[in-house]
Amino acid sequence: MKLIGLLFRFMDRKTKYLQDIEDSINAIDIHLQGKRNFIIYLNNITMQRSVEREIEIIDDAMNRILKSTPHVNISSARKIVGQRNLIIHAYDSINNEMIWNVVVNHLPLLKIECEQLLKEAKS
């Protein structure tokens, strides 16, 4: 019985982390005001900091998932975790183009993958 309880607790954590990732991706869309415009992003420090914080949350949640499920079916999981380390430990060398690349090229697929994993967890 204890093993079943531990399994459910693990599943709940993974589901929570996936939901955190999805929530942060949705928050990034809100921070960007529905516009994927790099010039607007570059000229708005509040928007930049908000997006960076959401990427930190995404990366931290992904890191926690990878610790318990190293072979999770998320295509750029390791790359995502690397972004967090850059943002947190090298704040003075954050590259806006790098952050924008994550937002435009990686988050849409990550959202789809998280939605699929959440759907599987609920069924």
# chains A, B, ... in the order shown; residues from 1 in each chain; ligands from 1
$ residues_around --residues "region 26-39 of chain A" --least-positions-apart "2" --cutoff "10 Å" --atoms "only C-alpha atoms" --output "compact mmCIF listing (two decimals) with N, CA and C atoms, in the first residue's frame"
# COMPACT_ATOMS: atom_id res chain seq x y z
N ASP A 20 2.52 23.84 -13.91
CA ASP A 20 3.29 25.06 -13.69
C ASP A 20 3.92 25.55 -14.99
N ILE A 21 4.45 24.61 -15.78
CA ILE A 21 5.05 24.97 -17.06
C ILE A 21 3.99 25.58 -17.98
N GLU A 22 2.86 24.90 -18.09
CA GLU A 22 1.80 25.41 -18.96
C GLU A 22 1.31 26.78 -18.49
N ASP A 23 1.15 26.96 -17.18
CA ASP A 23 0.71 28.25 -16.64
C ASP A 23 1.72 29.36 -16.96
N SER A 24 3.01 29.06 -16.86
CA SER A 24 4.03 30.06 -17.15
C SER A 24 4.07 30.41 -18.64
N TYR A 41 9.33 44.01 -27.29
CA TYR A 41 9.99 43.30 -26.19
C TYR A 41 11.28 44.01 -25.78
N LEU A 42 12.10 44.36 -26.76
CA LEU A 42 13.38 45.02 -26.48
C LEU A 42 13.21 46.37 -25.78
N ASN A 43 12.13 47.05 -26.07
CA ASN A 43 11.92 48.40 -25.53
C ASN A 43 11.11 48.42 -24.25
N ASN A 44 10.85 47.25 -23.67
CA ASN A 44 10.03 47.19 -22.46
C ASN A 44 10.72 46.31 -21.42
N THR A 46 10.14 45.93 -18.28
CA THR A 46 9.21 45.19 -17.43
C THR A 46 8.77 43.90 -18.11
N MET A 47 8.50 43.98 -19.40
CA MET A 47 8.12 42.80 -20.16
C MET A 47 9.28 41.80 -20.17
N GLN A 48 10.49 42.28 -20.37
CA GLN A 48 11.66 41.40 -20.39
C GLN A 48 11.80 40.66 -19.07
N ARG A 49 11.72 41.39 -17.97
CA ARG A 49 11.89 40.77 -16.65
C ARG A 49 10.78 39.77 -16.35
N SER A 50 9.58 40.11 -16.77
CA SER A 50 8.44 39.20 -16.55
C SER A 50 8.64 37.90 -17.32
N VAL A 51 9.04 38.01 -18.57
CA VAL A 51 9.26 36.82 -19.39
C VAL A 51 10.42 36.00 -18.82
N GLU A 52 11.49 36.67 -18.41
CA GLU A 52 12.64 35.96 -17.82
C GLU A 52 12.20 35.19 -16.58
N ARG A 53 11.37 35.80 -15.73
CA ARG A 53 10.91 35.12 -14.51
C ARG A 53 10.09 33.89 -14.85
N GLU A 54 9.22 34.00 -15.84
CA GLU A 54 8.40 32.84 -16.24
C GLU A 54 9.29 31.74 -16.81
N ILE A 55 10.33 32.11 -17.53
CA ILE A 55 11.26 31.10 -18.06
C ILE A 55 12.00 30.42 -16.91
N ASN A 96 18.98 39.06 -24.99
CA ASN A 96 17.57 39.17 -25.34
C ASN A 96 17.21 38.33 -26.56
N GLU A 97 18.14 38.19 -27.48
CA GLU A 97 17.87 37.35 -28.66
C GLU A 97 17.72 35.89 -28.25
N TRP A 100 14.33 35.52 -26.60
CA TRP A 100 13.30 35.60 -27.63
C TRP A 100 13.25 34.31 -28.45
N ASN A 101 14.40 33.73 -28.72
CA ASN A 101 14.47 32.46 -29.44
C ASN A 101 13.71 31.37 -28.68
N VAL A 103 11.24 31.87 -26.53
CA VAL A 103 9.82 32.23 -26.57
C VAL A 103 9.18 31.84 -27.91
N VAL A 104 9.86 32.15 -28.99
CA VAL A 104 9.28 31.95 -30.32
C VAL A 104 9.45 30.53 -30.84
N LEU A 107 8.85 27.45 -26.88
CA LEU A 107 7.67 27.41 -26.02
C LEU A 107 6.41 26.89 -26.72
N LYS A 111 4.49 23.78 -25.01
CA LYS A 111 3.09 23.87 -24.57
C LYS A 111 2.29 22.68 -25.08
$ closest_residue --among "A:Ile57, A:Val81, A:Ile40, A:Leu18" --to "Ile112 (chain A)" --atoms "only C-alpha atoms"
A:Leu18
$ residues_around --residues "Tyr17 (chain A)" --least-positions-apart "2" --cutoff "9 Å" --atoms "only C-alpha atoms" --output "PDB file with N, CA and C atoms, in the first residue's frame"
ATOM      1  N   ASP A  12       1.401  13.070  -8.837  1.00  0.00           N
ATOM      2  CA  ASP A  12       0.836  14.381  -8.548  1.00  0.00           C
ATOM      3  C   ASP A  12       1.883  15.478  -8.709  1.00  0.00           C
ATOM      4  N   ARG A  13       3.096  15.237  -8.263  1.00  0.00           N
ATOM      5  CA  ARG A  13       4.161  16.234  -8.406  1.00  0.00           C
ATOM      6  C   ARG A  13       4.468  16.499  -9.866  1.00  0.00           C
ATOM      7  N   LYS A  14       4.615  15.425 -10.632  1.00  0.00           N
ATOM      8  CA  LYS A  14       4.915  15.588 -12.055  1.00  0.00           C
ATOM      9  C   LYS A  14       3.799  16.371 -12.743  1.00  0.00           C
ATOM     10  N   THR A  15       2.562  16.038 -12.408  1.00  0.00           N
ATOM     11  CA  THR A  15       1.423  16.756 -12.981  1.00  0.00           C
ATOM     12  C   THR A  15       1.452  18.217 -12.568  1.00  0.00           C
ATOM     13  N   GLN A  19       1.779  21.387 -15.027  1.00  0.00           N
ATOM     14  CA  GLN A  19       0.797  22.476 -14.982  1.00  0.00           C
ATOM     15  C   GLN A  19       1.485  23.814 -14.754  1.00  0.00           C
ATOM     16  N   ASP A  20       2.522  23.838 -13.909  1.00  0.00           N
ATOM     17  CA  ASP A  20       3.293  25.063 -13.687  1.00  0.00           C
ATOM     18  C   ASP A  20       3.920  25.551 -14.989  1.00  0.00           C
ATOM     19  N   ILE A  21       4.446  24.614 -15.782  1.00  0.00           N
ATOM     20  CA  ILE A  21       5.050  24.972 -17.063  1.00  0.00           C
ATOM     21  C   ILE A  21       3.993  25.578 -17.984  1.00  0.00           C
ATOM     22  N   GLU A  22       2.864  24.901 -18.086  1.00  0.00           N
ATOM     23  CA  GLU A  22       1.798  25.406 -18.955  1.00  0.00           C
ATOM     24  C   GLU A  22       1.308  26.784 -18.486  1.00  0.00           C
ATOM     25  N   ILE A  58       9.575  27.860 -15.593  1.00  0.00           N
ATOM     26  CA  ILE A  58       9.510  26.748 -16.538  1.00  0.00           C
ATOM     27  C   ILE A  58      10.738  25.859 -16.381  1.00  0.00           C
ATOM     28  N   ASP A  60      12.820  25.592 -13.831  1.00  0.00           N
ATOM     29  CA  ASP A  60      12.884  24.920 -12.535  1.00  0.00           C
ATOM     30  C   ASP A  60      11.936  23.728 -12.505  1.00  0.00           C
ATOM     31  N   ALA A  61      10.725  23.903 -13.016  1.00  0.00           N
ATOM     32  CA  ALA A  61       9.770  22.797 -13.067  1.00  0.00           C
ATOM     33  C   ALA A  61      10.298  21.675 -13.953  1.00  0.00           C
ATOM     34  N   MET A  62      10.886  22.039 -15.085  1.00  0.00           N
ATOM     35  CA  MET A  62      11.447  21.033 -15.994  1.00  0.00           C
ATOM     36  C   MET A  62      12.589  20.280 -15.315  1.00  0.00           C
ATOM     37  N   ARG A  64      12.956  19.690 -12.166  1.00  0.00           N
ATOM     38  CA  ARG A  64      12.370  18.777 -11.183  1.00  0.00           C
ATOM     39  C   ARG A  64      11.779  17.539 -11.856  1.00  0.00           C
ATOM     40  N   ILE A  65      11.152  17.743 -13.010  1.00  0.00           N
ATOM     41  CA  ILE A  65      10.622  16.597 -13.758  1.00  0.00           C
ATOM     42  C   ILE A  65      11.763  15.687 -14.194  1.00  0.00           C
TER      43      ILE A  65
END
$ closest_residue --among "A:Ile80, A:Ile94, A:Ile45, A:Ile74" --to "Gln116 (chain A)" --atoms "only C-alpha atoms"
A:Ile74
$ atom_distance --atom1 "CA of Ser75 (chain A)" --atom2 "CA of Cys114 (chain A)"
10.7 Å
$ select_by_dssp --residues "chain A" --states "helix (DSSP H, G or I)" --output "PyMOL selection string"
chain A and resi 2-31+38-42+45-68+77-89+91-93+96-122
$ atom_distance --atom1 "CA of Pro108 (chain A)" --atom2 "CA of Ala77 (chain A)"
13.3 Å
